[in-house]
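Contents: one structure, followed by commentary.
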Amino acid sequence: MTLSTSSSPINSITGHAFVFDEHARNALFNQVKSQHGKLTATDINHLCHKHSLTQEQLLRACLPVASLLAVAPISQFLVGAIVVGLDKDQHAHFYFGANVEFAHQPLSLVVHAEQSAINNAWLNGAKTIIQIAISDAPCGYCRQFMNELADADTFDILLPTQQFKLAELLPAAFGPKDLGNQYSLFNPAPHSAQFVASADVCPSLVAQARHAYVPYTGNFSAVKITTFEHGSFYGRYAENAAYSPSLAPLQSAISQLHLAGLRMDNSCIEKVELLQTEGAENQLQVTQAVLASYANLPALETYGLRFK
């Protein structure tokens, strides 16, 4: 990859896009991994100033970096996505995502890049989504997943040379309100119930389960992946009105692990824990199926959660 020879960057919709040279791309890739798939508002401002880019130009230029985070042993098709999300102080951050595939398992278990980026923003406390940039056009599955978002009617979808609103890509959509759900991902129903788990369950895992988005089954569920040297990674259950595009908590956690440049192998993973709501459990089989893709991982530890 080489830098554009243009004297100033051109919006990719109307001309040649800015491209990082190999050294800059690799440095950015390492930075994104070290920050677990995120560029902060400060990072974005620095990069825009350094390369004389607008935020949108930088966003598109970062897509090849996002694609490098993909794990696609089946398709060999690397897809990157980046959510521009606002935090509680209205600062814009880039939340990266990439597709994750699981060898020798049903294709329905994969994590799509758009899911990965949205999940990354959700887990990291983004309050509003204003843009989603994607390296390739989103499939129907991902359009349906995006339709569960609180900002589905307003955010922009940026492709390398095109821009859309979700309604243009998903006309006559089926969504949460069709199932009587007035809430949405990033705007869940408030609840004041206390959750109780056994004393050997990590409190942070209980907290993650409490913030799962589960309006259709009520299975407040989360996964914790503990590594030997790189801390812990969490995932939450995120349901969808069309059911199939729901993101399982293990896939949510594995996506976060890969965004940090780590792999699911026995040299890295010390423990995998699944927490589910008693009486509403539905994640054990899918969790076991995904873990079967990997050799010699520690046995899954499972726990129950109940309302107090």
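Each chain in the structure tokens gets a letter, A, B and so on, in the order shown; residues start at 1 in every chain, and ligands are counted from 1 in the order they appear.
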
Give me, as a PyMOL selection string, all polymer residues having an atom no more than 10 Å from Tyr294 in chain A, counting only C-alpha atoms and skipping those fewer than 2 positions away in the same chain.
chain A and resi 102-104+264-266+289-292+296-297

Resulting file, chosen residues, N, CA and C atoms, as a PDB file, in the first residue's frame:
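And here is the file that came out, part-v3.pdb:
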```
ATOM      1  N   PHE A 102     -15.749 -20.126  12.628  1.00  0.00           N
ATOM      2  CA  PHE A 102     -15.383 -21.258  13.479  1.00  0.00           C
ATOM      3  C   PHE A 102     -15.315 -22.514  12.622  1.00  0.00           C
ATOM      4  N   ALA A 103     -14.116 -23.077  12.490  1.00  0.00           N
ATOM      5  CA  ALA A 103     -13.915 -24.246  11.650  1.00  0.00           C
ATOM      6  C   ALA A 103     -14.715 -25.442  12.170  1.00  0.00           C
ATOM      7  N   HIS A 104     -15.285 -26.215  11.228  1.00  0.00           N
ATOM      8  CA  HIS A 104     -15.993 -27.457  11.511  1.00  0.00           C
ATOM      9  C   HIS A 104     -17.283 -27.251  12.303  1.00  0.00           C
ATOM     10  N   MET A 264      -7.864 -18.006  20.446  1.00  0.00           N
ATOM     11  CA  MET A 264      -8.453 -19.011  21.331  1.00  0.00           C
ATOM     12  C   MET A 264      -7.634 -20.292  21.247  1.00  0.00           C
ATOM     13  N   ASP A 265      -6.583 -20.383  22.043  1.00  0.00           N
ATOM     14  CA  ASP A 265      -5.817 -21.623  22.117  1.00  0.00           C
ATOM     15  C   ASP A 265      -5.364 -21.847  23.554  1.00  0.00           C
ATOM     16  N   ASN A 266      -4.900 -23.059  23.817  1.00  0.00           N
ATOM     17  CA  ASN A 266      -4.613 -23.418  25.212  1.00  0.00           C
ATOM     18  C   ASN A 266      -3.373 -22.740  25.776  1.00  0.00           C
ATOM     19  N   ALA A 289     -20.731 -25.902  21.208  1.00  0.00           N
ATOM     20  CA  ALA A 289     -20.430 -26.117  19.788  1.00  0.00           C
ATOM     21  C   ALA A 289     -19.275 -25.245  19.330  1.00  0.00           C
ATOM     22  N   VAL A 290     -19.294 -23.977  19.727  1.00  0.00           N
ATOM     23  CA  VAL A 290     -18.212 -23.079  19.326  1.00  0.00           C
ATOM     24  C   VAL A 290     -16.901 -23.506  19.965  1.00  0.00           C
ATOM     25  N   LEU A 291     -16.925 -23.863  21.239  1.00  0.00           N
ATOM     26  CA  LEU A 291     -15.694 -24.271  21.914  1.00  0.00           C
ATOM     27  C   LEU A 291     -15.118 -25.549  21.309  1.00  0.00           C
ATOM     28  N   ALA A 292     -15.973 -26.372  20.701  1.00  0.00           N
ATOM     29  CA  ALA A 292     -15.496 -27.598  20.065  1.00  0.00           C
ATOM     30  C   ALA A 292     -14.634 -27.321  18.839  1.00  0.00           C
ATOM     31  N   ASN A 296      -8.057 -28.636  23.005  1.00  0.00           N
ATOM     32  CA  ASN A 296      -7.387 -28.624  24.312  1.00  0.00           C
ATOM     33  C   ASN A 296      -7.672 -27.383  25.155  1.00  0.00           C
ATOM     34  N   LEU A 297      -8.838 -26.785  24.993  1.00  0.00           N
ATOM     35  CA  LEU A 297      -9.216 -25.686  25.877  1.00  0.00           C
ATOM     36  C   LEU A 297      -9.688 -26.249  27.219  1.00  0.00           C
TER      37      LEU A 297
END
```

Kindly provide the residues of range 155-213 of chain A that approach range 119-135 of chain A to within 7 Å, each paired with its closest atom pair and their distance in Å to one decimal, based on only C-alpha atoms, listed by chain and increasing number, as a tab-separated table.
```
residue	atom	partner	partner_atom	distance
A:Phe155	CA	A:Ile130	CA	4.5
A:Asp156	CA	A:Gln131	CA	4.7
A:Ile157	CA	A:Ile132	CA	4.9
A:Leu158	CA	A:Ala133	CA	4.4
A:Leu159	CA	A:Ile134	CA	5.3
A:Pro160	CA	A:Ser135	CA	6.2
A:Phe186	CA	A:Lys127	CA	6.4
```

Write out, as a PDB file, in the first residue's frame, the residues just selected, with N, CA and C atoms.
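The result, written out as selection34.pdb:
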```pdb
ATOM      1  N   PHE A 155     -28.480   6.618  11.787  1.00  0.00           N
ATOM      2  CA  PHE A 155     -27.051   6.520  11.501  1.00  0.00           C
ATOM      3  C   PHE A 155     -26.802   6.302  10.009  1.00  0.00           C
ATOM      4  N   ASP A 156     -25.597   6.676   9.579  1.00  0.00           N
ATOM      5  CA  ASP A 156     -25.183   6.510   8.190  1.00  0.00           C
ATOM      6  C   ASP A 156     -24.362   5.235   8.036  1.00  0.00           C
ATOM      7  N   ILE A 157     -24.570   4.521   6.939  1.00  0.00           N
ATOM      8  CA  ILE A 157     -23.777   3.353   6.588  1.00  0.00           C
ATOM      9  C   ILE A 157     -22.844   3.757   5.464  1.00  0.00           C
ATOM     10  N   LEU A 158     -21.536   3.704   5.729  1.00  0.00           N
ATOM     11  CA  LEU A 158     -20.528   4.124   4.758  1.00  0.00           C
ATOM     12  C   LEU A 158     -19.828   2.898   4.194  1.00  0.00           C
ATOM     13  N   LEU A 159     -19.874   2.753   2.879  1.00  0.00           N
ATOM     14  CA  LEU A 159     -19.094   1.762   2.160  1.00  0.00           C
ATOM     15  C   LEU A 159     -17.917   2.480   1.512  1.00  0.00           C
ATOM     16  N   PRO A 160     -16.962   1.772   0.948  1.00  0.00           N
ATOM     17  CA  PRO A 160     -15.790   2.460   0.391  1.00  0.00           C
ATOM     18  C   PRO A 160     -16.129   3.564  -0.596  1.00  0.00           C
ATOM     19  N   PHE A 186     -28.885  -0.669  22.839  1.00  0.00           N
ATOM     20  CA  PHE A 186     -28.395   0.654  23.234  1.00  0.00           C
ATOM     21  C   PHE A 186     -29.496   1.477  23.920  1.00  0.00           C
TER      22      PHE A 186
END
```

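Atom pair CA of Glu114 in chain A / CA of Ala81 in chain A: separated by 5.6 Å.
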
Using only C-alpha atoms, which of A:Ser198, A:Gln90, A:Ser75, A:Thr217 sits nearest Val110 in chain A?
A:Ser75

Any idea what's packed within 9 Å of Pro298 in chain A, counting only C-alpha atoms, ignoring anything in its chain fewer than 2 positions away? Could you give it as a ChimeraX atom specification?
/A:266,269-272,296,300-301

Take the residues from that selection and write them out as a PDB file, in the first residue's frame, keeping N, CA and C atoms.
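Written out: part34.pdb:
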```pdb
ATOM      1  N   ASN A 266      -4.900 -23.059  23.817  1.00  0.00           N
ATOM      2  CA  ASN A 266      -4.613 -23.418  25.212  1.00  0.00           C
ATOM      3  C   ASN A 266      -3.373 -22.740  25.776  1.00  0.00           C
ATOM      4  N   ILE A 269      -5.642 -19.249  26.753  1.00  0.00           N
ATOM      5  CA  ILE A 269      -6.896 -19.272  27.512  1.00  0.00           C
ATOM      6  C   ILE A 269      -6.767 -20.108  28.782  1.00  0.00           C
ATOM      7  N   GLU A 270      -7.054 -19.476  29.903  1.00  0.00           N
ATOM      8  CA  GLU A 270      -7.006 -20.175  31.197  1.00  0.00           C
ATOM      9  C   GLU A 270      -8.371 -20.721  31.605  1.00  0.00           C
ATOM     10  N   LYS A 271      -9.439 -19.958  31.302  1.00  0.00           N
ATOM     11  CA  LYS A 271     -10.758 -20.351  31.792  1.00  0.00           C
ATOM     12  C   LYS A 271     -11.836 -19.722  30.912  1.00  0.00           C
ATOM     13  N   VAL A 272     -12.945 -20.457  30.711  1.00  0.00           N
ATOM     14  CA  VAL A 272     -14.122 -19.930  30.027  1.00  0.00           C
ATOM     15  C   VAL A 272     -15.330 -20.198  30.919  1.00  0.00           C
ATOM     16  N   ASN A 296      -8.057 -28.636  23.005  1.00  0.00           N
ATOM     17  CA  ASN A 296      -7.387 -28.624  24.312  1.00  0.00           C
ATOM     18  C   ASN A 296      -7.672 -27.383  25.155  1.00  0.00           C
ATOM     19  N   LEU A 300     -15.516 -25.963  29.990  1.00  0.00           N
ATOM     20  CA  LEU A 300     -16.420 -24.846  30.239  1.00  0.00           C
ATOM     21  C   LEU A 300     -16.977 -24.917  31.656  1.00  0.00           C
ATOM     22  N   GLU A 301     -16.975 -23.783  32.349  1.00  0.00           N
ATOM     23  CA  GLU A 301     -17.590 -23.689  33.672  1.00  0.00           C
ATOM     24  C   GLU A 301     -18.909 -22.938  33.542  1.00  0.00           C
TER      25      GLU A 301
END
```

Residue contacts of range 235-245 of chain A (7 Å, only C-alpha atoms) excluding same-chain residues fewer than 4 positions away, as a PyMOL selection string:
chain A and resi 141+145+148+175-176+179+208-209+212-214+221-224+249-250+252-253

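Proximity to Lys33 in chain A was assessed for A:Ala207, A:Ala66, A:His191, A:Gly231 counting only C-alpha atoms; the smallest distance is recorded for A:Ala66.
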
Excluding same-chain residues fewer than 3 positions from Leu63 in chain A, what lies within 12 Å of it counting only C-alpha atoms, as a PyMOL selection string?
chain A and resi 17-20+25+28-29+32+56-60+66-70+78-83+94-98+113-114+117+132-136+158-160

Can I get the selection written as a short mmCIF file (atom, residue, chain, number, x, y, z; two decimals), in the first residue's frame, with N, CA, C and O atoms?
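Once written, part-v1.cif looks like this:
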```
data_model
loop_
_atom_site.label_atom_id
_atom_site.label_comp_id
_atom_site.auth_asym_id
_atom_site.auth_seq_id
_atom_site.Cartn_x
_atom_site.Cartn_y
_atom_site.Cartn_z
N ALA A 17 -9.42 7.55 -2.69
CA ALA A 17 -9.41 7.55 -1.23
C ALA A 17 -7.98 7.62 -0.72
O ALA A 17 -7.04 7.16 -1.37
N PHE A 18 -7.83 8.16 0.46
CA PHE A 18 -6.53 8.15 1.14
C PHE A 18 -6.21 6.72 1.56
O PHE A 18 -7.09 5.99 2.04
N VAL A 19 -4.97 6.31 1.40
CA VAL A 19 -4.52 4.98 1.78
C VAL A 19 -3.26 5.12 2.62
O VAL A 19 -2.32 5.81 2.24
N PHE A 20 -3.22 4.45 3.77
CA PHE A 20 -2.01 4.45 4.59
C PHE A 20 -0.91 3.66 3.90
O PHE A 20 -1.16 2.62 3.29
N ARG A 25 0.19 1.84 8.25
CA ARG A 25 -0.87 0.86 8.44
C ARG A 25 -0.51 -0.12 9.54
O ARG A 25 -1.34 -0.43 10.42
N LEU A 28 -0.71 1.54 12.94
CA LEU A 28 -2.09 1.73 13.35
C LEU A 28 -2.71 0.40 13.76
O LEU A 28 -3.45 0.33 14.76
N PHE A 29 -2.42 -0.65 13.03
CA PHE A 29 -2.92 -1.99 13.36
C PHE A 29 -2.48 -2.40 14.76
O PHE A 29 -3.28 -2.88 15.58
N VAL A 32 -4.38 -0.30 17.39
CA VAL A 32 -5.76 -0.75 17.56
C VAL A 32 -5.82 -2.02 18.40
O VAL A 32 -6.66 -2.16 19.29
N GLU A 56 -14.25 11.57 8.45
CA GLU A 56 -14.84 10.58 7.56
C GLU A 56 -13.81 9.97 6.63
O GLU A 56 -13.85 8.76 6.34
N GLN A 57 -12.87 10.75 6.18
CA GLN A 57 -11.79 10.22 5.35
C GLN A 57 -10.93 9.24 6.14
O GLN A 57 -10.53 8.18 5.64
N LEU A 58 -10.64 9.60 7.40
CA LEU A 58 -9.88 8.69 8.25
C LEU A 58 -10.66 7.41 8.49
O LEU A 58 -10.08 6.30 8.46
N LEU A 59 -11.95 7.52 8.70
CA LEU A 59 -12.79 6.36 8.96
C LEU A 59 -12.68 5.35 7.82
O LEU A 59 -12.44 4.15 8.05
N ARG A 60 -12.83 5.82 6.60
CA ARG A 60 -12.72 4.91 5.46
C ARG A 60 -11.30 4.36 5.31
O ARG A 60 -11.11 3.20 4.96
N ALA A 66 -9.14 -2.60 9.89
CA ALA A 66 -10.16 -3.42 10.54
C ALA A 66 -10.22 -4.81 9.93
O ALA A 66 -10.36 -5.82 10.64
N SER A 67 -10.10 -4.89 8.62
CA SER A 67 -10.15 -6.19 7.95
C SER A 67 -9.01 -7.12 8.38
O SER A 67 -9.16 -8.34 8.38
N LEU A 68 -7.88 -6.53 8.75
CA LEU A 68 -6.74 -7.35 9.20
C LEU A 68 -7.04 -8.09 10.50
O LEU A 68 -6.36 -9.06 10.84
N LEU A 69 -8.08 -7.68 11.22
CA LEU A 69 -8.45 -8.32 12.47
C LEU A 69 -9.35 -9.53 12.26
O LEU A 69 -9.65 -10.25 13.21
N ALA A 70 -9.77 -9.77 11.03
CA ALA A 70 -10.69 -10.86 10.74
C ALA A 70 -10.03 -12.23 10.94
O ALA A 70 -8.83 -12.40 10.73
N LEU A 78 -12.04 -11.49 4.27
CA LEU A 78 -11.80 -10.66 5.44
C LEU A 78 -12.63 -9.38 5.35
O LEU A 78 -12.46 -8.59 4.43
N VAL A 79 -13.51 -9.21 6.31
CA VAL A 79 -14.40 -8.05 6.33
C VAL A 79 -14.10 -7.21 7.56
O VAL A 79 -13.98 -7.75 8.67
N GLY A 80 -13.99 -5.91 7.39
CA GLY A 80 -13.80 -5.00 8.50
C GLY A 80 -14.96 -4.03 8.62
O GLY A 80 -15.61 -3.68 7.62
N ALA A 81 -15.25 -3.61 9.82
CA ALA A 81 -16.29 -2.63 10.07
C ALA A 81 -15.85 -1.73 11.23
O ALA A 81 -15.10 -2.17 12.10
N ILE A 82 -16.31 -0.50 11.20
CA ILE A 82 -15.98 0.45 12.28
C ILE A 82 -17.23 1.25 12.62
O ILE A 82 -17.85 1.86 11.73
N VAL A 83 -17.60 1.24 13.87
CA VAL A 83 -18.69 2.06 14.38
C VAL A 83 -18.13 3.37 14.90
O VAL A 83 -17.13 3.36 15.64
N PHE A 94 -13.85 5.51 17.54
CA PHE A 94 -13.95 4.46 16.53
C PHE A 94 -13.91 3.10 17.23
O PHE A 94 -12.95 2.81 17.96
N TYR A 95 -14.92 2.28 16.97
CA TYR A 95 -14.97 0.93 17.53
C TYR A 95 -14.85 -0.06 16.38
O TYR A 95 -15.74 -0.16 15.53
N PHE A 96 -13.76 -0.79 16.35
CA PHE A 96 -13.46 -1.68 15.23
C PHE A 96 -14.18 -3.02 15.39
O PHE A 96 -14.53 -3.44 16.49
N GLY A 97 -14.35 -3.69 14.26
CA GLY A 97 -14.93 -5.03 14.25
C GLY A 97 -14.48 -5.78 13.02
O GLY A 97 -14.06 -5.18 12.02
N ALA A 98 -14.55 -7.12 13.08
CA ALA A 98 -14.17 -7.96 11.95
C ALA A 98 -14.88 -9.30 12.08
O ALA A 98 -15.28 -9.71 13.17
N ALA A 113 -18.80 -8.91 10.70
CA ALA A 113 -17.99 -7.75 11.07
C ALA A 113 -18.84 -6.65 11.67
O ALA A 113 -18.43 -5.98 12.63
N GLU A 114 -20.04 -6.43 11.12
CA GLU A 114 -20.91 -5.39 11.65
C GLU A 114 -21.33 -5.71 13.08
O GLU A 114 -21.38 -4.83 13.94
N ALA A 117 -18.31 -4.97 15.41
CA ALA A 117 -18.09 -3.55 15.70
C ALA A 117 -19.17 -2.99 16.61
O ALA A 117 -18.89 -2.22 17.54
N ILE A 132 -21.65 3.77 10.65
CA ILE A 132 -21.02 2.45 10.58
C ILE A 132 -20.35 2.36 9.22
O ILE A 132 -21.03 2.44 8.19
N ALA A 133 -19.04 2.23 9.20
CA ALA A 133 -18.29 2.06 7.96
C ALA A 133 -17.98 0.58 7.80
O ALA A 133 -17.61 -0.10 8.76
N ILE A 134 -18.13 0.07 6.57
CA ILE A 134 -17.95 -1.36 6.31
C ILE A 134 -17.14 -1.52 5.04
O ILE A 134 -17.34 -0.79 4.05
N SER A 135 -16.24 -2.49 5.03
CA SER A 135 -15.38 -2.69 3.86
C SER A 135 -16.12 -3.28 2.68
O SER A 135 -15.68 -3.14 1.53
N ASP A 136 -17.24 -3.96 2.93
CA ASP A 136 -18.06 -4.55 1.87
C ASP A 136 -19.53 -4.36 2.23
O ASP A 136 -19.88 -4.18 3.40
N LEU A 158 -21.54 3.70 5.73
CA LEU A 158 -20.53 4.12 4.76
C LEU A 158 -19.83 2.90 4.19
O LEU A 158 -19.26 2.09 4.93
N LEU A 159 -19.87 2.75 2.88
CA LEU A 159 -19.09 1.76 2.16
C LEU A 159 -17.92 2.48 1.51
O LEU A 159 -17.86 3.72 1.52
N PRO A 160 -16.96 1.77 0.95
CA PRO A 160 -15.79 2.46 0.39
C PRO A 160 -16.13 3.56 -0.60
O PRO A 160 -15.43 4.58 -0.65
#
```

Looking only at strand (DSSP E or B) from DSSP on the backbone, list the matching residues of range 123-188 of chain A as a ChimeraX atom specification.
/A:128-134,149,156-158,163-165,184-185,187
